[in-house]
Amino acid sequence: MKLWWLWGKRERELEKEIQHHLQMAAKDRGERGASLRDTEAGARREFGNVELVKEVTREKWGWRWLGDLYQDVRFGLRTLRKSPGFAVVAILTLALGIGANTAIFSLLNAVVLRRLPVPNPQQLVQFTYTFPAKGPENWNSRFGYPHLERFREQDDMLSGIFGGVGVNQVNVGWHGSAGLAQCDAYTDNFFTVLGVAPQRGRLFVPGDDRRGADVAVLSDQYWRSRFAADPAIIGQTILIDQLPFTVIGITPPKFSIYAGGARDLWVPLHAIDRFTPDPNRWQASFTSWLLIAGRLRPGVSLTQAEAELDLIHRRLLAEQLAVSERRGGQSMQHLVRESHLVLHPAANGMFSGLRNRYELPLKLLMGVAGIVLLISCVNIANLVLVRASRRRPELALRMALGSGRARLIGQLLTESFLVASAGGVLGLAIAWWGGALLVRMISTGDSPVPLDVRPDWPVFAFAAAVSLSGGMLFGLVPAIRGTRVDPGSALKQGAQGTSGPSRLLDRALVAVQVTLSLVLLTGAGIFTRTLENLRHVDVGYERDNILMFSVDAKLAGYPKERARALYQAVLEKAATLPGIQSASVSIVRPVDNQYYLGDSIGQVDGRKLPDAEIINVAWNAMSPGYFFTVGTPILMGRDFDLRESGAGAGVVIVNESLARQALPGQNPIGHRLDGAEIIGLVKDSLYGGARAKPGPVLYRSLFQGEGGTDPSQWVGAGAVSFELRYRSGAGLVDEVRQAVASVDRNVPIFHVKTLRAQTEDSFLRERLLATISSFFGGLALLLACLGVYGLMAYVVSRRTAEIGIRMALGARQLGIIWLIMRETLCVVLAGVAVGIPLTVWLSRYARALLFGIAAADLVVFAASVVALIGAAVLAGFLPARRAMRVDPMVALRYE
Amino acid sequence: MSEKYKNRIELLQGTLDLLILQTLLWGPQHGYGVSQAIRANSGDLLQVDAGSLYPALHRLEKQKWIGADWKISENKQEVKVYRLTAAGRKQLLKERSRWEQISDAIGGVLNPAKKESGS
């Protein structure tokens with residue numbers, strides 16, 4: 001910038017200096033007696049060509065390139081202004097391409113690429129372990145507490161190891177007002193190992209993590225939104241789930257160890273005993289609830305550390321097995337024998353469901369967006385080519401007048417870069433808006449996923465790189481070819497002719513567009529079909545007229561013993577609301593994204609199952625009326641009834657899959673599983689959403705007695721979900737809020753959603769893919785049509801004379817149309833011929849994301865090809881019609 | 001006028017620098033002044049055209065042999081005035097001695113007898 005300013009100053013000074021020279025010379029002449037008119041003219045004559053003098057003087061400054069650039073930019077702007085149509089189309093297409101790329105890149109950056117905002121993030125590792133059988137899914141990132149203790153005692157490859165667990169949603173009370181927040185509990189070396197310094201106050205120090213721990217650290221964001229960034233909050237007491245904690249400090253802005261998983265506050269790990277006491281927790285082996293991560297010492301490699309930690313892990317497992325009551329079990333022995341510790345680099349965050357779900361789709365969409373950009377570049381290259389051949393006389397004239405070819409190429413490239421930069425700036429604006437839109441698209445909860453997609457330096461750099469390489473891509477070839485002219489013949493020929501090879505290039509470029517569009521259209525097709533297939537899966541429950549909401553007694557400070565009464569009261573209130581057909585409460589709601597409960601059955605009708613036949617089941621617990629409410633038919637037997645609350649060994653309901661597996665070929669009613677009597681058989685429903693396969697599910701009565709996996713443990717510990725079947729949903733949500741408030745004003749309700757919305761949310765990834773790939777597919781189709789139209793319009797304008805002659809000689813209009821359409825079809829079919837194998841080859845990358853459709857689906861392929869050819873023929877028809885209307889006389893005279 | 005042109009001498013390569021530096025030895029001067037001084041001191045024989053003068057001035061300025069200041073003239077105009085720098089003074093001495101060597105050498109070639117008799 002400074003250079004520009006300096007250059008302008010030098011230019012003005014030179015002008016002044018020369019004017020002064022001329023004035024002095026004129027004055028001298030005047031004094032010698034020349035007439036006034038003669039003085040100035042004479043001085044000028046003597047001086048010579050002012051511009052030339054300036055030019056040779058400027059050269060001595062040694063920055064001629066800058067002057068050239070300035071000239072080129074000015075000239076480029078002028079020529080672009082002269083053809084606004086070209087400029088607008090080029091800039092808009094490019095802006096769309098760059099905007100799409102940058103928006104998706106900013107999301108990819110936020111979810112996958114961005115490093116944690118801590119010093120030396122590349123040293124961070126997260127602990128996981130494998131379990132048999134070997135497979136990509138068979139690993140776990142959650143350990144028991146003894147593992148953490150053992151690692152911290154015995155390892156010396158890491159400079160620090162911390163552990164933690166989500167407390168999840170908590171109710172934070174302050175000055176009498178309540179609000180929900182996300183809370184995590186970590187060991188007291190958490191911030192030290194990560195190398196995070198407090199923004200205010202202090203973070204955890206050794207000794208904070210003790211029994212009865214009562215300190216809390218707030219995130220910058222939470223401090224600002226909830227406490228209005230009041231520094232006086234430090235040292236004050238807040239209530240977390242009605243328990244007092246002292247705020248000790250604030251983290252720096254943006255601190256998080258997850259991509260898209262911002263937490264509002266942190267408490268020491270042992271504080272979880274205050275929320276849910278569990279004396280067993282700190283000693284129990286073979287549990288998995290604790291996240292463990294650490295920082296490698298400088299110079300220690302991942303594999304070295306992994307080898308040592310694996311030894312510790314395996315030794316501990318063997319010790320735990322030796323004293324476990326499950327030591328006789330084959331599967332436990334198998335686990336201990338086969339399990340290995342694996343370290344995962346955690347430079348860009350701990351494992352997060354968000355990244356897991358969206359990494360592949362985002363990378364795919366990145367590729368799709370890249371193709372769109374390529375198509376827009378090809379489109380512009382074509383426009384530039386056409387322009388270049390119209391400008392041949394101009395270029396030829398300039399070369400004849402002595403312009404260097406390099407200088408001309410430089411000048412044409414400057415024009416391309418001007419277009420590219422304008423496209424880039426506009427694209428960035430599109431990306432800004434599009435990034436936020438994308439985040440909203442992947443957000444299901446009550447608030448958007450906390451992802452920061454505002455353009456940062458990597459995004460700016462990406463956009464700049466994309467624009468410049470785009471400009472290079474579409475500018476260079478036309479520039480080189482456009483200047484390869486023989487001035488003499490080009491001037492004679494005028495704007496009409498181009499040589500053979502260039503016509504081939506024009507066609508090849510359009511064919512490439514067609515090819516790439518086919519790839520995108522097909523992609524859009526298979527993703528849309530996937531979404532449709534998922535929507536039509538028979539999930540085993542009804543999706544309409546069901547409203548769900550969650551309540552967590554803990555958030556209102558209820559002790560475990562009183563939670564049941566609260567839930568029963570809420571259920572009664574809800575069930576008696578007007579317009580409600582039936583109501584129920586359960587731990588897991590249909591298509592749940594919070595819980596998945598697992599258990600195993602080891603005994604059928606008193607017969608102990610051999611190790612290999614133990615049945616792993618998903619389970620749920622609910623109130624009577626659940627099956628009626630969600631519309632899952634009871635095939636045999638009966639539903640729970642209210643009497644079963646508090647019964648001894650209890651009763652259970654099974655689904656078809658479980659009945660088939662536990663009691664093949666028998667009527668399951670009356671049989672016993674682990675001592676509990678089967679009272680009913682229900683239709684299979686997809687416990688884990690539409691993508692899941694039906695598996696064995698065990699249903700228990702929610703308020704029922706004791707047992708190993710006693711549901712009452714959950715009633716009071718976690719949230720429960722209420723399901724309401726309604727006739728009319730108008731105003732229902734408000735009524736529900738009032739009903740819950742009439743039971744207890746301090747009980748918040750959350751995750752309020754209809755079952756249809758919940759189901760749709762579970763297709764989010766598929767919907768994201770289908771929507772964006774359809775949008776891009778449409779865009780690509782449009783661009784390809786523009787390309788075909790542009791090419792054919794150009795062909796017609798160049799062949800006007802030929803067409804005129806043909807018509808004069810009696811060619812029929814249909815013949816003329818065919819002449820043009822034949823060319824169109826050749827180009828399009830060539831593009832399609834290359835596109836089909838390319839699409840088949842590329843589609844394998846999408847296979848993991850598809851449902852109920854093959855990657856190379858014949859129908860989708862055929863539809864895409866037909867759509868593409870149809871659209872292209874239409875685009876080619878417009879110029880063909882113009883050709884048909886050529887007046888032979890006009891055409892011939894024109895020549 | 002035409003008479004004058006006939007008598008004009010094409011400047012030798014490199015001598016313009018010498019003339020400019022020498023002219024500025026007598027004091028700071030603007031571009032037009034430099035050209036007029038050269039013309040006057042050579043008895044109207046040497047006339048430097050603007051297309052050579054200004055590139056030379058700007059080049060010498062870049063080489064830091066002359067400096068430039070902006071002054072306000074009598075009729076309230078900003079005028080760029082060149083002056084000799086210390087480095088320029090040294091350069092002037094070097095160029096002068098080189099010029100004298102050349103002119104001696106050329107003189108020797110043109111008048112060999114005279115040179116012999118003189119020695």
# chains A, B, ... in the order shown; residues from 1 in each chain; ligands from 1
call {"tool": "interface_residues", "arguments": {"of": "chain A", "to": "chain B", "cutoff": "6 Å", "atoms": "only C-alpha atoms", "output": "PyMOL selection string"}}
result
chain A and resi 21+47+53+57+60
call {"tool": "write_last_selection", "arguments": {"atoms": "C-alpha atoms", "output": "CSV table (one decimal), in the first residue's frame"}}
result
chain,number,residue,atom,x,y,z
A,21,HIS,CA,11.0,23.4,-16.7
A,47,PHE,CA,11.5,19.9,-24.7
A,53,VAL,CA,10.6,12.0,-21.2
A,57,THR,CA,12.8,9.0,-16.5
A,60,LYS,CA,15.4,5.1,-13.8
call {"tool": "select_by_dssp", "arguments": {"residues": "chain B", "states": "strand (DSSP E or B)", "output": "VMD selection string"}}
result
chain B and resid 29 to 30 66 to 72 78 to 84
call {"tool": "write_last_selection", "arguments": {"atoms": "N, CA and C atoms", "output": "CSV table (one decimal), in the first residue's frame"}}
result
chain,number,residue,atom,x,y,z
B,29,GLN,N,20.7,23.7,-7.8
B,29,GLN,CA,20.1,24.2,-9.1
B,29,GLN,C,18.9,23.3,-9.5
B,30,HIS,N,17.9,23.9,-10.0
B,30,HIS,CA,16.8,23.0,-10.5
B,30,HIS,C,17.1,22.5,-11.9
B,66,ILE,N,23.7,12.9,-6.1
B,66,ILE,CA,23.1,14.2,-5.9
B,66,ILE,C,21.8,14.0,-5.0
B,67,GLY,N,21.5,15.1,-4.3
B,67,GLY,CA,20.3,15.0,-3.4
B,67,GLY,C,19.3,16.0,-4.0
B,68,ALA,N,18.0,15.9,-3.6
B,68,ALA,CA,17.0,16.8,-4.1
B,68,ALA,C,16.2,17.4,-2.9
B,69,ASP,N,15.9,18.7,-3.0
B,69,ASP,CA,15.0,19.3,-2.0
B,69,ASP,C,13.9,20.1,-2.8
B,70,TRP,N,12.8,20.2,-2.1
B,70,TRP,CA,11.7,21.0,-2.7
B,70,TRP,C,11.7,22.4,-2.1
B,71,LYS,N,11.8,23.4,-3.0
B,71,LYS,CA,11.9,24.8,-2.5
B,71,LYS,C,10.7,25.6,-3.1
B,72,ILE,N,10.3,26.7,-2.5
B,72,ILE,CA,9.3,27.5,-3.1
B,72,ILE,C,9.9,28.6,-3.9
B,78,GLU,N,6.3,25.2,-6.2
B,78,GLU,CA,7.2,24.2,-5.6
B,78,GLU,C,8.2,23.8,-6.7
B,79,VAL,N,9.5,23.9,-6.4
B,79,VAL,CA,10.5,23.6,-7.3
B,79,VAL,C,11.5,22.6,-6.8
B,80,LYS,N,11.8,21.6,-7.6
B,80,LYS,CA,12.7,20.5,-7.1
B,80,LYS,C,14.2,21.0,-7.4
B,81,VAL,N,14.9,21.1,-6.4
B,81,VAL,CA,16.3,21.7,-6.5
B,81,VAL,C,17.3,20.6,-6.2
B,82,TYR,N,18.3,20.4,-7.1
B,82,TYR,CA,19.3,19.3,-6.9
B,82,TYR,C,20.5,19.9,-6.2
B,83,ARG,N,21.2,19.1,-5.4
B,83,ARG,CA,22.5,19.6,-4.8
B,83,ARG,C,23.4,18.4,-4.8
B,84,LEU,N,24.7,18.8,-4.8
B,84,LEU,CA,25.7,17.8,-4.8
B,84,LEU,C,25.9,17.2,-3.4
call {"tool": "atom_distance", "arguments": {"atom1": "atom CA of Gly625 of chain A", "atom2": "atom CA of Ala583 of chain A"}}
result
6.7 Å
call {"tool": "closest_residue", "arguments": {"among": "B:Trp65, B:Ser73, B:Leu21, B:Gly43", "to": "Thr85 of chain B", "atoms": "only C-alpha atoms"}}
result
B:Trp65
call {"tool": "select_by_dssp", "arguments": {"residues": "chain B", "states": "alpha helix (DSSP H)", "output": "MDAnalysis selection string"}}
result
chainID B and resid 2:7 15:25 31:41 50:62 86:110 112:118
call {"tool": "write_last_selection", "arguments": {"atoms": "C-alpha atoms", "output": "compact mmCIF listing (two decimals), in the first residue's frame"}}
result
# COMPACT_ATOMS: atom_id res chain seq x y z
CA SER B 2 19.61 26.38 -37.58
CA GLU B 3 23.20 27.63 -37.44
CA LYS B 4 23.36 26.74 -33.80
CA TYR B 5 22.13 23.21 -34.43
CA LYS B 6 24.88 22.62 -36.91
CA ASN B 7 27.47 23.54 -34.37
CA THR B 15 30.04 12.85 -19.96
CA LEU B 16 26.58 14.13 -19.09
CA ASP B 17 26.99 12.87 -15.53
CA LEU B 18 30.25 14.74 -15.29
CA LEU B 19 28.67 17.95 -16.59
CA ILE B 20 25.77 17.74 -14.18
CA LEU B 21 27.95 17.06 -11.17
CA GLN B 22 30.31 19.88 -12.19
CA THR B 23 27.41 22.31 -12.63
CA LEU B 24 26.04 21.49 -9.20
CA LEU B 25 29.47 22.11 -7.66
CA GLY B 31 16.60 20.90 -13.67
CA TYR B 32 16.04 23.76 -16.11
CA GLY B 33 18.83 25.69 -14.43
CA VAL B 34 21.24 22.78 -14.90
CA SER B 35 20.46 22.61 -18.61
CA GLN B 36 20.83 26.38 -19.03
CA ALA B 37 24.13 26.45 -17.11
CA ILE B 38 25.61 23.71 -19.27
CA ARG B 39 24.47 25.55 -22.36
CA ALA B 40 25.79 28.92 -21.23
CA ASN B 41 29.13 27.61 -19.96
CA ALA B 50 15.19 16.96 -21.60
CA GLY B 51 14.94 13.33 -22.60
CA SER B 52 18.55 12.85 -21.47
CA LEU B 53 18.69 15.36 -18.65
CA TYR B 54 15.83 14.12 -16.46
CA PRO B 55 16.65 10.41 -16.62
CA ALA B 56 20.24 11.33 -15.74
CA LEU B 57 19.18 13.53 -12.82
CA HIS B 58 16.86 10.84 -11.45
CA ARG B 59 19.50 8.17 -11.89
CA LEU B 60 22.15 10.24 -10.09
CA GLU B 61 19.63 10.91 -7.33
CA LYS B 62 19.00 7.20 -6.95
CA ALA B 86 29.56 14.24 -0.37
CA ALA B 87 29.51 11.01 -2.38
CA GLY B 88 28.80 13.08 -5.50
CA ARG B 89 31.81 15.29 -4.81
CA LYS B 90 34.05 12.21 -4.64
CA GLN B 91 32.49 10.88 -7.81
CA LEU B 92 33.05 14.22 -9.53
CA LEU B 93 36.78 14.08 -8.72
CA LYS B 94 36.98 10.53 -10.06
CA GLU B 95 35.13 11.39 -13.25
CA ARG B 96 37.14 14.54 -13.78
CA SER B 97 40.50 12.75 -13.53
CA ARG B 98 39.20 10.05 -15.83
CA TRP B 99 38.03 12.72 -18.29
CA GLU B 100 41.40 14.43 -18.16
CA GLN B 101 43.17 11.15 -18.81
CA ILE B 102 40.95 10.50 -21.80
CA SER B 103 41.30 13.98 -23.21
CA ASP B 104 45.09 13.82 -22.70
CA ALA B 105 45.18 10.47 -24.40
CA ILE B 106 43.07 11.64 -27.31
CA GLY B 107 45.11 14.81 -27.56
CA GLY B 108 48.29 12.71 -27.65
CA VAL B 109 46.93 10.60 -30.47
CA LEU B 110 45.85 13.62 -32.48
CA PRO B 112 51.94 13.17 -31.48
CA ALA B 113 54.71 15.65 -32.50
CA LYS B 114 53.47 18.33 -30.22
CA LYS B 115 53.49 15.96 -27.33
CA GLU B 116 57.07 14.88 -28.02
CA SER B 117 58.31 18.41 -28.33
CA GLY B 118 56.57 19.34 -25.17
call {"tool": "residues_around", "arguments": {"residues": "Gly557 of chain A", "least_positions_apart": "6", "cutoff": "9 Å", "atoms": "only C-alpha atoms", "output": "list of chain:residue names"}}
result
A:Asn171, A:Ile240, A:Asp241, A:Gln242, A:Leu243, A:Asn746, A:Val747
call {"tool": "write_last_selection", "arguments": {"atoms": "N, CA and C atoms", "output": "compact mmCIF listing (two decimals), in the first residue's frame"}}
result
# COMPACT_ATOMS: atom_id res chain seq x y z
N ASN A 171 -28.03 -27.47 36.29
CA ASN A 171 -28.83 -26.28 36.54
C ASN A 171 -27.99 -25.34 37.39
N ILE A 240 -24.76 -25.28 41.69
CA ILE A 240 -24.82 -26.20 40.56
C ILE A 240 -25.69 -27.37 41.00
N ASP A 241 -26.82 -27.56 40.34
CA ASP A 241 -27.82 -28.53 40.78
C ASP A 241 -28.07 -28.37 42.28
N GLN A 242 -28.24 -27.15 42.71
CA GLN A 242 -28.57 -26.78 44.10
C GLN A 242 -27.43 -27.00 45.08
N LEU A 243 -26.20 -27.34 44.58
CA LEU A 243 -25.07 -27.53 45.49
C LEU A 243 -24.14 -26.33 45.36
N ASN A 746 -39.64 -24.85 39.72
CA ASN A 746 -38.19 -24.88 39.52
C ASN A 746 -37.73 -25.98 38.58
N VAL A 747 -38.68 -26.77 38.07
CA VAL A 747 -38.27 -27.89 37.22
C VAL A 747 -38.25 -27.45 35.76
call {"tool": "atom_distance", "arguments": {"atom1": "atom CA of Ala464 of chain A", "atom2": "atom CA of Gly8 of chain A"}}
result
26.6 Å
call {"tool": "residues_around", "arguments": {"residues": "Val630 of chain A", "least_positions_apart": "5", "cutoff": "12 Å", "atoms": "only C-alpha atoms", "output": "ChimeraX atom specification"}}
result
/A:539-548,581-586,589-591,622,624-625,683,685,722-726,754-756
call {"tool": "residues_around", "arguments": {"residues": "Val873 of chain A", "least_positions_apart": "5", "cutoff": "10 Å", "atoms": "only C-alpha atoms", "output": "compact mmCIF listing (two decimals) with N, CA and C atoms, in the first residue's frame"}}
result
# COMPACT_ATOMS: atom_id res chain seq x y z
N CYS A 785 -25.01 -25.65 -18.80
CA CYS A 785 -25.91 -25.14 -19.83
C CYS A 785 -25.42 -23.80 -20.35
N VAL A 788 -22.65 -24.56 -22.72
CA VAL A 788 -23.13 -25.06 -24.01
C VAL A 788 -23.72 -23.90 -24.81
N TYR A 789 -24.54 -23.09 -24.11
CA TYR A 789 -25.18 -21.98 -24.79
C TYR A 789 -24.12 -21.03 -25.36
N MET A 821 -27.45 -28.50 -33.78
CA MET A 821 -27.72 -29.45 -32.70
C MET A 821 -26.74 -30.61 -32.73
N ARG A 822 -26.29 -30.95 -33.95
CA ARG A 822 -25.34 -32.06 -34.05
C ARG A 822 -24.07 -31.74 -33.28
N THR A 824 -23.83 -29.64 -30.78
CA THR A 824 -24.17 -29.66 -29.36
C THR A 824 -24.12 -31.09 -28.83
N LEU A 825 -24.80 -31.99 -29.55
CA LEU A 825 -24.87 -33.37 -29.09
C LEU A 825 -23.51 -34.01 -29.02
N VAL A 828 -21.84 -32.81 -25.84
CA VAL A 828 -22.46 -33.33 -24.63
C VAL A 828 -22.22 -34.82 -24.48
N ALA A 867 -31.33 -35.98 -17.75
CA ALA A 867 -31.51 -34.58 -17.35
C ALA A 867 -30.43 -33.71 -17.98
N LEU A 868 -29.21 -34.22 -17.95
CA LEU A 868 -28.09 -33.43 -18.46
C LEU A 868 -28.23 -33.21 -19.96
N LEU A 878 -31.48 -22.72 -28.37
CA LEU A 878 -31.68 -21.27 -28.52
C LEU A 878 -30.79 -20.69 -29.62
N ALA A 880 -29.47 -22.37 -32.00
CA ALA A 880 -29.85 -23.05 -33.25
C ALA A 880 -31.04 -22.33 -33.88
call {"tool": "atom_distance", "arguments": {"atom1": "atom CA of Gly579 of chain A", "atom2": "atom CA of Leu702 of chain A"}}
result
24.9 Å
call {"tool": "residues_around", "arguments": {"residues": "Ser331 of chain A", "least_positions_apart": "5", "cutoff": "9 Å", "atoms": "only C-alpha atoms", "output": "tab-separated table (two decimals) with N, CA and C atoms, in the first residue's frame"}}
result
chain	number	residue	atom	x	y	z
A	336	VAL	N	-9.26	-59.46	28.21
A	336	VAL	CA	-7.99	-59.14	28.87
A	336	VAL	C	-6.82	-59.58	28.00
A	611	ASP	N	-21.35	-69.16	28.10
A	611	ASP	CA	-20.75	-67.85	27.83
A	611	ASP	C	-21.05	-67.32	26.42
A	612	ALA	N	-20.94	-68.21	25.43
A	612	ALA	CA	-21.06	-67.77	24.05
A	612	ALA	C	-22.49	-67.40	23.69
call {"tool": "closest_residue", "arguments": {"among": "A:Leu791, A:Gly212, A:Ala574, A:Ala461", "to": "Asp506 of chain A", "atoms": "only C-alpha atoms"}}
result
A:Leu791
call {"tool": "decode", "arguments": {"residues": "segment 89-105 of chain B", "atoms": "N, CA and C atoms", "output": "PDB file, in the first residue's frame"}}
result
ATOM      1  N   ARG B  89      30.560  14.542  -4.692  1.00  0.00           N
ATOM      2  CA  ARG B  89      31.806  15.289  -4.809  1.00  0.00           C
ATOM      3  C   ARG B  89      32.961  14.343  -5.130  1.00  0.00           C
ATOM      4  N   LYS B  90      32.998  13.214  -4.402  1.00  0.00           N
ATOM      5  CA  LYS B  90      34.048  12.215  -4.644  1.00  0.00           C
ATOM      6  C   LYS B  90      33.951  11.691  -6.072  1.00  0.00           C
ATOM      7  N   GLN B  91      32.727  11.411  -6.472  1.00  0.00           N
ATOM      8  CA  GLN B  91      32.489  10.877  -7.809  1.00  0.00           C
ATOM      9  C   GLN B  91      32.933  11.890  -8.871  1.00  0.00           C
ATOM     10  N   LEU B  92      32.661  13.166  -8.584  1.00  0.00           N
ATOM     11  CA  LEU B  92      33.046  14.224  -9.530  1.00  0.00           C
ATOM     12  C   LEU B  92      34.570  14.207  -9.740  1.00  0.00           C
ATOM     13  N   LEU B  93      35.317  14.110  -8.604  1.00  0.00           N
ATOM     14  CA  LEU B  93      36.779  14.084  -8.723  1.00  0.00           C
ATOM     15  C   LEU B  93      37.221  12.909  -9.580  1.00  0.00           C
ATOM     16  N   LYS B  94      36.612  11.739  -9.322  1.00  0.00           N
ATOM     17  CA  LYS B  94      36.977  10.532 -10.061  1.00  0.00           C
ATOM     18  C   LYS B  94      36.708  10.719 -11.554  1.00  0.00           C
ATOM     19  N   GLU B  95      35.527  11.241 -11.854  1.00  0.00           N
ATOM     20  CA  GLU B  95      35.133  11.387 -13.254  1.00  0.00           C
ATOM     21  C   GLU B  95      36.010  12.437 -13.950  1.00  0.00           C
ATOM     22  N   ARG B  96      36.301  13.485 -13.198  1.00  0.00           N
ATOM     23  CA  ARG B  96      37.140  14.541 -13.776  1.00  0.00           C
ATOM     24  C   ARG B  96      38.501  13.985 -14.160  1.00  0.00           C
ATOM     25  N   SER B  97      39.138  13.246 -13.229  1.00  0.00           N
ATOM     26  CA  SER B  97      40.496  12.754 -13.530  1.00  0.00           C
ATOM     27  C   SER B  97      40.436  11.758 -14.688  1.00  0.00           C
ATOM     28  N   ARG B  98      39.346  10.992 -14.727  1.00  0.00           N
ATOM     29  CA  ARG B  98      39.205  10.053 -15.832  1.00  0.00           C
ATOM     30  C   ARG B  98      39.068  10.838 -17.142  1.00  0.00           C
ATOM     31  N   TRP B  99      38.259  11.911 -17.099  1.00  0.00           N
ATOM     32  CA  TRP B  99      38.030  12.718 -18.292  1.00  0.00           C
ATOM     33  C   TRP B  99      39.360  13.333 -18.752  1.00  0.00           C
ATOM     34  N   GLU B 100      40.129  13.806 -17.794  1.00  0.00           N
ATOM     35  CA  GLU B 100      41.402  14.427 -18.162  1.00  0.00           C
ATOM     36  C   GLU B 100      42.345  13.413 -18.790  1.00  0.00           C
ATOM     37  N   GLN B 101      42.345  12.214 -18.221  1.00  0.00           N
ATOM     38  CA  GLN B 101      43.171  11.145 -18.808  1.00  0.00           C
ATOM     39  C   GLN B 101      42.759  10.906 -20.250  1.00  0.00           C
ATOM     40  N   ILE B 102      41.444  10.793 -20.452  1.00  0.00           N
ATOM     41  CA  ILE B 102      40.948  10.501 -21.800  1.00  0.00           C
ATOM     42  C   ILE B 102      41.313  11.637 -22.751  1.00  0.00           C
ATOM     43  N   SER B 103      41.060  12.869 -22.285  1.00  0.00           N
ATOM     44  CA  SER B 103      41.303  13.976 -23.211  1.00  0.00           C
ATOM     45  C   SER B 103      42.799  14.121 -23.508  1.00  0.00           C
ATOM     46  N   ASP B 104      43.640  13.838 -22.468  1.00  0.00           N
ATOM     47  CA  ASP B 104      45.093  13.821 -22.704  1.00  0.00           C
ATOM     48  C   ASP B 104      45.444  12.769 -23.738  1.00  0.00           C
ATOM     49  N   ALA B 105      44.861  11.588 -23.510  1.00  0.00           N
ATOM     50  CA  ALA B 105      45.179  10.467 -24.401  1.00  0.00           C
ATOM     51  C   ALA B 105      44.771  10.786 -25.821  1.00  0.00           C
TER      52      ALA B 105
END
